[in-house]
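See below for target_0.csv, which holds CSV, N, CA and C atoms.
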```
chain,number,residue,atom,x,y,z
A,308,MET,N,102.7,45.0,88.3
A,308,MET,CA,102.4,45.2,89.7
A,308,MET,C,103.7,45.1,90.5
A,309,LYS,N,103.9,46.1,91.4
A,309,LYS,CA,105.0,46.1,92.3
A,309,LYS,C,104.6,45.6,93.7
A,310,ILE,N,105.4,44.8,94.3
A,310,ILE,CA,105.2,44.4,95.7
A,310,ILE,C,106.4,44.9,96.5
A,311,ASN,N,106.1,45.6,97.6
A,311,ASN,CA,107.2,46.1,98.4
A,311,ASN,C,107.3,45.1,99.6
A,312,THR,N,108.5,44.4,99.7
A,312,THR,CA,108.6,43.5,100.8
A,312,THR,C,109.4,44.0,101.9
A,313,GLY,N,109.9,45.3,101.8
A,313,GLY,CA,110.6,46.0,102.9
A,313,GLY,C,109.6,46.6,103.9
A,314,PHE,N,110.1,47.5,104.6
A,314,PHE,CA,109.3,48.3,105.6
A,314,PHE,C,108.3,49.1,104.9
A,315,VAL,N,107.0,48.9,105.2
A,315,VAL,CA,105.9,49.7,104.6
A,315,VAL,C,105.3,50.6,105.7
A,316,THR,N,105.1,51.8,105.4
A,316,THR,CA,104.4,52.7,106.4
A,316,THR,C,103.1,53.2,105.8
A,317,ASN,N,102.2,53.4,106.6
A,317,ASN,CA,100.9,54.1,106.3
A,317,ASN,C,100.8,55.3,107.2
A,318,SER,N,101.5,56.3,106.9
A,318,SER,CA,101.4,57.5,107.8
A,318,SER,C,100.5,58.6,107.2
A,319,SER,N,100.2,59.5,108.1
A,319,SER,CA,99.2,60.5,107.7
A,319,SER,C,99.8,61.8,108.3
A,320,SER,N,99.4,62.9,107.6
A,320,SER,CA,99.7,64.2,108.1
A,320,SER,C,98.5,65.1,107.8
A,321,THR,N,98.4,66.2,108.5
A,321,THR,CA,97.4,67.2,108.3
A,321,THR,C,98.1,68.5,108.2
A,322,SER,N,97.7,69.2,107.1
A,322,SER,CA,98.2,70.6,106.9
A,322,SER,C,97.5,71.5,107.9
A,323,PHE,N,98.2,72.6,108.3
A,323,PHE,CA,97.5,73.6,109.1
A,323,PHE,C,97.9,75.0,108.6
A,324,VAL,N,97.0,75.9,108.9
A,324,VAL,CA,97.3,77.3,108.7
A,324,VAL,C,96.9,78.0,110.1
A,325,VAL,N,97.8,78.8,110.5
A,325,VAL,CA,97.6,79.6,111.8
A,325,VAL,C,97.8,81.0,111.5
A,326,CYS,N,96.9,81.9,112.0
A,326,CYS,CA,97.0,83.3,111.8
A,326,CYS,C,96.9,84.0,113.2
A,327,VAL,N,97.8,84.9,113.4
A,327,VAL,CA,97.8,85.6,114.7
A,327,VAL,C,98.1,87.1,114.5
A,328,LYS,N,97.4,87.9,115.2
A,328,LYS,CA,97.6,89.4,115.1
A,328,LYS,C,99.0,89.8,115.6
A,329,LYS,N,99.5,89.2,116.6
A,329,LYS,CA,100.8,89.5,117.2
A,329,LYS,C,101.7,88.3,117.1
A,330,THR,N,102.1,87.8,118.2
A,330,THR,CA,103.0,86.6,118.3
A,330,THR,C,102.2,85.4,118.8
A,331,LEU,N,102.6,84.3,118.2
A,331,LEU,CA,102.0,83.0,118.7
A,331,LEU,C,102.7,82.6,120.0
A,332,THR,N,101.9,82.6,121.1
A,332,THR,CA,102.5,82.1,122.3
A,332,THR,C,101.7,80.9,122.8
A,333,GLU,N,102.3,80.1,123.7
A,333,GLU,CA,101.7,79.0,124.2
A,333,GLU,C,100.4,79.3,125.0
A,334,LYS,N,100.5,80.3,125.8
A,334,LYS,CA,99.3,80.7,126.6
A,334,LYS,C,98.2,81.2,125.7
A,335,GLY,N,98.5,82.0,124.7
A,335,GLY,CA,97.4,82.5,123.8
A,335,GLY,C,96.8,81.3,123.0
A,336,PHE,N,97.7,80.4,122.5
A,336,PHE,CA,97.3,79.3,121.7
A,336,PHE,C,96.3,78.4,122.5
A,337,ILE,N,96.7,78.1,123.7
A,337,ILE,CA,95.8,77.2,124.6
A,337,ILE,C,94.6,77.9,125.0
A,338,LYS,N,94.6,79.2,125.3
A,338,LYS,CA,93.5,80.0,125.7
A,338,LYS,C,92.4,80.0,124.5
A,339,SER,N,92.9,80.0,123.3
A,339,SER,CA,92.0,80.1,122.1
A,339,SER,C,91.2,78.8,122.0
A,340,PHE,N,91.7,77.7,122.6
A,340,PHE,CA,91.0,76.4,122.6
A,340,PHE,C,90.0,76.4,123.8
A,341,GLY,N,89.9,77.5,124.5
A,341,GLY,CA,89.0,77.6,125.6
A,341,GLY,C,89.5,76.9,126.9
A,342,LEU,N,90.8,76.8,127.1
A,342,LEU,CA,91.3,76.1,128.3
A,342,LEU,C,92.0,77.1,129.2
A,343,THR,N,92.1,76.8,130.4
A,343,THR,CA,92.9,77.5,131.4
A,343,THR,C,94.0,76.6,131.9
A,344,GLU,N,95.0,77.2,132.6
A,344,GLU,CA,96.1,76.5,133.1
A,344,GLU,C,95.7,75.4,134.1
A,345,GLU,N,94.5,75.5,134.7
A,345,GLU,CA,94.0,74.5,135.6
A,345,GLU,C,93.3,73.3,134.9
A,346,SER,N,93.1,73.4,133.6
A,346,SER,CA,92.4,72.4,132.8
A,346,SER,C,93.3,71.1,132.8
A,347,LEU,N,92.6,70.0,132.9
A,347,LEU,CA,93.2,68.6,132.8
A,347,LEU,C,93.8,68.4,131.4
A,348,MET,N,93.4,69.2,130.4
A,348,MET,CA,93.8,69.0,129.0
A,348,MET,C,95.0,70.0,128.7
A,349,TYR,N,95.4,70.8,129.6
A,349,TYR,CA,96.4,71.8,129.4
A,349,TYR,C,97.7,71.2,128.7
A,350,ASP,N,98.2,70.2,129.3
A,350,ASP,CA,99.5,69.6,128.8
A,350,ASP,C,99.3,69.0,127.4
A,351,PHE,N,98.1,68.5,127.2
A,351,PHE,CA,97.8,67.9,125.8
A,351,PHE,C,98.0,69.0,124.8
A,352,TYR,N,97.4,70.2,125.1
A,352,TYR,CA,97.4,71.3,124.1
A,352,TYR,C,98.8,72.0,124.1
A,353,ALA,N,99.5,72.0,125.2
A,353,ALA,CA,100.8,72.5,125.3
A,353,ALA,C,101.7,71.8,124.3
A,354,LYS,N,101.5,70.5,124.2
A,354,LYS,CA,102.3,69.6,123.3
A,354,LYS,C,101.9,69.9,121.9
A,355,LEU,N,100.6,70.2,121.6
A,355,LEU,CA,100.2,70.5,120.3
A,355,LEU,C,100.8,71.9,119.9
A,356,TYR,N,100.8,72.8,120.8
A,356,TYR,CA,101.4,74.1,120.6
A,356,TYR,C,102.9,73.9,120.2
A,357,TYR,N,103.6,73.1,121.0
A,357,TYR,CA,105.0,72.8,120.7
A,357,TYR,C,105.2,72.3,119.3
A,358,ALA,N,104.4,71.4,118.9
A,358,ALA,CA,104.5,70.8,117.5
A,358,ALA,C,104.2,71.9,116.4
A,359,VAL,N,103.1,72.7,116.6
A,359,VAL,CA,102.8,73.7,115.7
A,359,VAL,C,103.9,74.8,115.6
A,360,ASN,N,104.4,75.2,116.8
A,360,ASN,CA,105.4,76.2,116.8
A,360,ASN,C,106.7,75.7,116.1
A,361,LEU,N,107.1,74.5,116.2
A,361,LEU,CA,108.3,74.0,115.6
A,361,LEU,C,108.1,73.8,114.1
A,362,GLU,N,106.9,73.4,113.7
A,362,GLU,CA,106.6,73.1,112.3
A,362,GLU,C,106.1,74.4,111.4
A,363,LYS,N,105.7,75.4,112.1
A,363,LYS,CA,105.2,76.6,111.4
A,363,LYS,C,106.2,77.3,110.6
A,364,LYS,N,105.8,77.7,109.4
A,364,LYS,CA,106.7,78.5,108.5
A,364,LYS,C,105.9,79.7,108.1
A,365,PRO,N,106.5,80.9,108.0
A,365,PRO,CA,105.7,82.1,107.6
A,365,PRO,C,105.4,82.1,106.1
A,366,ILE,N,104.2,82.6,105.8
A,366,ILE,CA,103.8,82.8,104.4
A,366,ILE,C,104.3,84.2,104.1
A,367,PRO,N,105.2,84.3,103.1
A,367,PRO,CA,105.7,85.6,102.7
A,367,PRO,C,104.6,86.6,102.3
A,368,ARG,N,104.8,87.9,102.6
A,368,ARG,CA,103.8,88.9,102.3
A,368,ARG,C,103.6,89.2,100.8
A,369,ASN,N,104.6,88.9,100.0
A,369,ASN,CA,104.6,89.3,98.6
A,369,ASN,C,104.2,88.2,97.7
A,370,VAL,N,103.3,87.3,98.1
A,370,VAL,CA,102.9,86.2,97.3
A,370,VAL,C,101.4,86.2,97.0
A,371,ASN,N,101.0,85.5,96.0
A,371,ASN,CA,99.6,85.3,95.8
A,371,ASN,C,99.2,84.1,96.7
A,372,LEU,N,98.4,84.4,97.7
A,372,LEU,CA,98.1,83.5,98.7
A,372,LEU,C,97.5,82.1,98.2
A,373,LYS,N,96.6,82.2,97.3
A,373,LYS,CA,96.0,80.9,96.8
A,373,LYS,C,97.0,80.1,96.1
A,374,ASN,N,97.8,80.7,95.3
A,374,ASN,CA,98.9,80.0,94.6
A,374,ASN,C,99.9,79.4,95.6
A,375,PHE,N,100.3,80.2,96.6
A,375,PHE,CA,101.3,79.7,97.6
A,375,PHE,C,100.7,78.5,98.3
A,376,LEU,N,99.5,78.6,98.8
A,376,LEU,CA,98.9,77.4,99.5
A,376,LEU,C,98.9,76.2,98.6
A,377,ASN,N,98.5,76.3,97.4
A,377,ASN,CA,98.4,75.2,96.4
A,377,ASN,C,99.8,74.6,96.2
A,378,GLU,N,100.8,75.5,96.0
A,378,GLU,CA,102.2,75.0,95.7
A,378,GLU,C,102.7,74.3,96.9
A,379,HIS,N,102.3,74.5,98.1
A,379,HIS,CA,102.8,73.9,99.3
A,379,HIS,C,101.8,72.8,99.8
A,380,SER,N,100.9,72.4,99.0
A,380,SER,CA,99.9,71.3,99.3
A,380,SER,C,99.1,71.6,100.5
A,381,ILE,N,98.8,72.9,100.7
A,381,ILE,CA,97.9,73.2,101.8
A,381,ILE,C,96.5,73.4,101.2
A,382,ASN,N,95.7,72.4,101.3
A,382,ASN,CA,94.4,72.3,100.6
A,382,ASN,C,93.3,72.9,101.5
A,383,ILE,N,92.9,74.1,101.2
A,383,ILE,CA,91.8,74.7,101.9
A,383,ILE,C,90.6,74.6,101.0
A,384,ASP,N,89.8,73.6,101.1
A,384,ASP,CA,88.8,73.3,100.1
A,384,ASP,C,87.5,74.2,100.4
A,385,ASP,N,87.3,74.5,101.6
A,385,ASP,CA,86.1,75.3,101.9
A,385,ASP,C,86.4,76.8,101.6
A,386,GLU,N,85.6,77.4,100.7
A,386,GLU,CA,85.8,78.8,100.2
A,386,GLU,C,85.7,79.7,101.4
A,387,LYS,N,84.8,79.4,102.3
A,387,LYS,CA,84.6,80.3,103.5
A,387,LYS,C,85.9,80.3,104.3
A,388,ASP,N,86.5,79.1,104.5
A,388,ASP,CA,87.7,79.1,105.3
A,388,ASP,C,88.8,79.8,104.5
A,389,TYR,N,88.9,79.7,103.2
A,389,TYR,CA,90.0,80.4,102.5
A,389,TYR,C,89.8,81.9,102.6
A,390,LYS,N,88.5,82.4,102.5
A,390,LYS,CA,88.3,83.8,102.6
A,390,LYS,C,88.7,84.4,103.9
A,391,GLU,N,88.5,83.6,105.0
A,391,GLU,CA,88.9,84.0,106.3
A,391,GLU,C,90.4,84.1,106.4
A,392,ILE,N,91.1,83.2,105.9
A,392,ILE,CA,92.6,83.2,105.9
A,392,ILE,C,93.1,84.4,105.0
A,393,GLU,N,92.5,84.6,103.9
A,393,GLU,CA,92.8,85.7,103.0
A,393,GLU,C,92.6,87.0,103.6
A,394,ARG,N,91.5,87.2,104.3
A,394,ARG,CA,91.1,88.4,105.0
A,394,ARG,C,92.2,88.8,106.0
A,395,ARG,N,92.6,87.8,106.8
A,395,ARG,CA,93.6,88.0,107.8
A,395,ARG,C,95.0,88.3,107.2
A,396,PHE,N,95.3,87.6,106.1
A,396,PHE,CA,96.6,87.8,105.4
A,396,PHE,C,96.7,89.2,104.9
A,397,LEU,N,95.6,89.7,104.3
A,397,LEU,CA,95.6,91.0,103.7
A,397,LEU,C,95.5,92.1,104.8
A,398,ALA,N,95.0,91.7,106.0
A,398,ALA,CA,95.0,92.7,107.1
A,398,ALA,C,96.3,92.8,107.8
A,399,GLY,N,97.3,92.0,107.4
A,399,GLY,CA,98.6,92.1,107.9
A,399,GLY,C,98.9,91.2,109.1
A,400,GLU,N,98.0,90.2,109.4
A,400,GLU,CA,98.2,89.3,110.4
A,400,GLU,C,99.4,88.4,110.1
A,401,ASN,N,100.1,87.8,111.0
A,401,ASN,CA,101.1,86.8,110.8
A,401,ASN,C,100.4,85.5,110.4
A,402,VAL,N,100.7,85.0,109.2
A,402,VAL,CA,100.1,83.8,108.7
A,402,VAL,C,101.2,82.7,108.5
A,403,TYR,N,101.0,81.6,109.1
A,403,TYR,CA,101.9,80.5,109.0
A,403,TYR,C,101.2,79.2,108.4
A,404,TYR,N,102.0,78.3,107.9
A,404,TYR,CA,101.5,77.0,107.5
A,404,TYR,C,102.5,76.0,107.9
A,405,GLY,N,102.0,74.7,107.9
A,405,GLY,CA,102.8,73.6,108.3
A,405,GLY,C,102.0,72.3,108.3
A,406,LYS,N,102.6,71.3,108.8
A,406,LYS,CA,102.0,70.0,108.8
A,406,LYS,C,102.2,69.3,110.2
A,407,LEU,N,101.2,68.6,110.6
A,407,LEU,CA,101.2,67.8,111.8
A,407,LEU,C,101.3,66.3,111.4
A,408,SER,N,102.1,65.5,112.1
A,408,SER,CA,102.3,64.1,111.7
A,408,SER,C,101.7,63.1,112.6
A,409,ASP,N,101.2,62.0,112.1
A,409,ASP,CA,100.6,61.0,113.0
A,409,ASP,C,101.7,60.3,113.8
A,410,SER,N,102.9,60.5,113.4
A,410,SER,CA,104.0,59.9,114.2
A,410,SER,C,104.2,60.6,115.5
A,411,GLY,N,103.7,61.9,115.6
A,411,GLY,CA,103.8,62.7,116.8
A,411,GLY,C,105.3,63.1,117.1
A,412,ASP,N,106.0,63.3,116.1
A,412,ASP,CA,107.5,63.6,116.2
A,412,ASP,C,107.7,64.7,117.3
A,413,TYR,N,107.0,65.7,117.3
A,413,TYR,CA,107.2,66.9,118.2
A,413,TYR,C,106.2,67.0,119.3
A,414,GLY,N,105.0,66.7,119.0
A,414,GLY,CA,103.9,66.9,120.0
A,414,GLY,C,103.3,65.7,120.6
A,415,GLY,N,103.9,64.5,120.3
A,415,GLY,CA,103.5,63.3,120.9
A,415,GLY,C,102.0,62.9,120.5
A,416,LEU,N,101.3,62.5,121.4
A,416,LEU,CA,99.9,62.0,121.2
A,416,LEU,C,99.0,63.1,120.7
A,417,SER,N,99.2,64.3,121.2
A,417,SER,CA,98.3,65.4,120.7
A,417,SER,C,98.6,65.8,119.3
A,418,GLU,N,99.8,65.8,118.8
A,418,GLU,CA,100.1,66.0,117.4
A,418,GLU,C,99.5,64.8,116.6
A,419,ALA,N,99.7,63.6,117.0
A,419,ALA,CA,99.2,62.4,116.3
A,419,ALA,C,97.7,62.5,116.2
A,420,PHE,N,97.0,62.9,117.3
A,420,PHE,CA,95.6,63.0,117.3
A,420,PHE,C,95.1,64.0,116.2
A,421,TYR,N,95.7,65.2,116.2
A,421,TYR,CA,95.2,66.2,115.3
A,421,TYR,C,95.7,65.9,113.8
A,422,ALA,N,96.6,65.0,113.7
A,422,ALA,CA,97.0,64.6,112.3
A,422,ALA,C,96.0,63.7,111.7
A,423,LEU,N,95.1,63.2,112.5
A,423,LEU,CA,94.1,62.3,112.1
A,423,LEU,C,92.7,62.9,112.2
A,424,GLU,N,92.5,64.0,112.9
A,424,GLU,CA,91.3,64.6,113.1
A,424,GLU,C,91.3,66.0,112.5
A,425,SER,N,90.2,66.6,112.4
A,425,SER,CA,90.1,68.0,111.9
A,425,SER,C,89.7,69.0,113.0
A,426,VAL,N,90.2,70.1,112.9
A,426,VAL,CA,89.9,71.2,113.9
A,426,VAL,C,90.0,72.5,113.3
A,427,ILE,N,89.1,73.4,113.7
A,427,ILE,CA,89.2,74.8,113.3
A,427,ILE,C,88.9,75.7,114.5
A,428,VAL,N,89.7,76.7,114.8
A,428,VAL,CA,89.5,77.6,115.9
A,428,VAL,C,89.5,79.0,115.4
A,429,ILE,N,88.4,79.8,115.6
A,429,ILE,CA,88.4,81.1,115.1
A,429,ILE,C,88.1,82.0,116.3
A,430,ASP,N,89.0,83.0,116.4
A,430,ASP,CA,88.9,84.0,117.5
A,430,ASP,C,89.3,85.3,116.9
A,431,ASN,N,89.1,86.4,117.6
A,431,ASN,CA,89.5,87.7,117.1
A,431,ASN,C,91.0,87.8,116.7
A,432,ASP,N,91.8,87.3,117.6
A,432,ASP,CA,93.3,87.5,117.5
A,432,ASP,C,93.9,86.2,117.0
A,433,PHE,N,93.2,85.1,116.8
A,433,PHE,CA,93.8,83.8,116.5
A,433,PHE,C,92.9,83.0,115.5
A,434,TYR,N,93.5,82.3,114.6
A,434,TYR,CA,92.8,81.5,113.7
A,434,TYR,C,93.7,80.2,113.5
A,435,PHE,N,93.1,79.0,113.7
A,435,PHE,CA,93.8,77.8,113.5
A,435,PHE,C,93.0,76.9,112.7
A,436,ASN,N,93.5,76.4,111.5
A,436,ASN,CA,92.7,75.6,110.6
A,436,ASN,C,93.6,74.3,110.3
A,437,ALA,N,93.1,73.2,110.9
A,437,ALA,CA,93.8,71.9,110.6
A,437,ALA,C,92.7,70.9,110.1
A,438,LYS,N,92.0,71.4,109.1
A,438,LYS,CA,90.9,70.6,108.5
A,438,LYS,C,91.3,69.7,107.4
A,439,ASP,N,92.5,69.9,106.8
A,439,ASP,CA,93.0,69.1,105.7
A,439,ASP,C,93.4,67.8,106.2
A,440,CYS,N,92.5,66.8,106.4
A,440,CYS,CA,92.8,65.6,107.1
A,440,CYS,C,92.7,64.4,106.1
A,441,ALA,N,93.7,63.7,105.9
A,441,ALA,CA,93.6,62.5,105.0
A,441,ALA,C,94.5,61.4,105.5
A,442,TYR,N,94.0,60.2,105.5
A,442,TYR,CA,94.8,59.1,106.0
A,442,TYR,C,95.1,58.2,104.8
```
Take the structure in the file and give it back as structure tokens.
Amino acid sequence: MKINTGFVTNSSSTSFVVCVKKTLTEKGFIKSFGLTEESLMYDFYAKLYYAVNLEKKPIPRNVNLKNFLNEHSINIDDEKDYKEIERRFLAGENVYYGKLSDSGDYGGLSEAFYALESVIVIDNDFYFNAKDCAY
């Protein structure tokens, strides 16, 4: 048995996949969550957008999507969710992946919140899946 007597952390992160037909913008991201600029929650989601935008990496077009997601520890367990991502990927949408951290490095409290909670947003021009939540 090993005992660590130094600094011990119990951190969490949530993988995400985001698909957009055109460009991921702050305004479009926040609108997809059903908010307007007048919403009291606007700044919260602006910070989440900031974190997602900094952390997102494109999934290359010439890969096997399922293998790529598995190799990068993006666990899409629900087959229906995977099929939606695959449909958008094959249709030529911009598909990105990344992780949100409970330390809130980029998005503060909003990033930390969604690192511990699950969310999925499906719209015609936007798809956001952060259901891979483990602590």
Tell me which protein, DNA and RNA residues are within 12 Å of Lys387 (chain A), counting only C-alpha atoms, leaving out same-chain ones fewer than 6 positions away, and put them as a PDB file with N, CA and C atoms, in the frame of the given file.
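File produced: part-v4.pdb:
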```
ATOM      1  N   GLU A 393      92.500  84.600 103.900  1.00  0.00           N
ATOM      2  CA  GLU A 393      92.800  85.700 103.000  1.00  0.00           C
ATOM      3  C   GLU A 393      92.600  87.000 103.600  1.00  0.00           C
ATOM      4  N   ARG A 394      91.500  87.200 104.300  1.00  0.00           N
ATOM      5  CA  ARG A 394      91.100  88.400 105.000  1.00  0.00           C
ATOM      6  C   ARG A 394      92.200  88.800 106.000  1.00  0.00           C
ATOM      7  N   ASN A 436      93.500  76.400 111.500  1.00  0.00           N
ATOM      8  CA  ASN A 436      92.700  75.600 110.600  1.00  0.00           C
ATOM      9  C   ASN A 436      93.600  74.300 110.300  1.00  0.00           C
TER      10      ASN A 436
END
```
* **Exercise: Glu362 (chain A) partners within 6.5 Å, all atoms listed in the file, chain neighbours under 2 positions left out, as JSON, numbers by chain** => {"A": [357, 358, 359, 360, 364, 404, 405, 406]}
* d(atom C of Thr321 (chain A), atom N of Leu355 (chain A)) in Å -> 13.7 Å
* Asked: Please, which residues of chain A, numbered as in this document, come out strand (DSSP E) from DSSP, as a VMD selection string?
  -> chain A and resid 320 to 327 364 to 365 401 to 408 426 to 429 433 to 441
* Using atom N of Ile392 (chain A) and atom C of Phe351 (chain A) as the two end points, give the distance in Å to one decimal. => 24.6 Å
* To do: Tell me, in Å to one decimal, how far CA of Asn382 (chain A) is from CA of Asn401 (chain A).
  =>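 Value for the CA of Asn382 (chain A)-CA of Asn401 (chain A) distance: 19.0 Å.
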* To do: Determine, counting only C-alpha atoms, which protein, DNA and RNA residues have an atom within 10 Å of an atom of Phe336 (chain A); residues of the same chain fewer than 6 positions away are not included. Present the result as JSON, numbers by chain.
  => {"A": [325, 327, 330, 342, 352, 353, 355, 356, 359, 360, 428, 433, 434, 435]}
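Among A:Glu424, A:Lys438, A:Tyr349, A:Val324, the residue with the shortest atom-to-atom distance to Asp384 (chain A), counting all atoms listed in the file, is A:Lys438.
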* To do: Using only C-alpha atoms, find the one residue out of A:Lys390, A:Lys328, A:Glu418, A:Glu345 that sits nearest to Asn431 (chain A).
  =>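 Once distances to Asn431 (chain A) are computed over only C-alpha atoms, the minimum belongs to A:Lys328.
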* Using backbone DSSP assignments, extract all alpha helix (DSSP H) residues from chain A; output them as a PyMOL selection string. => chain A and resi 333-339+349-362+372-378+386-397+415-423
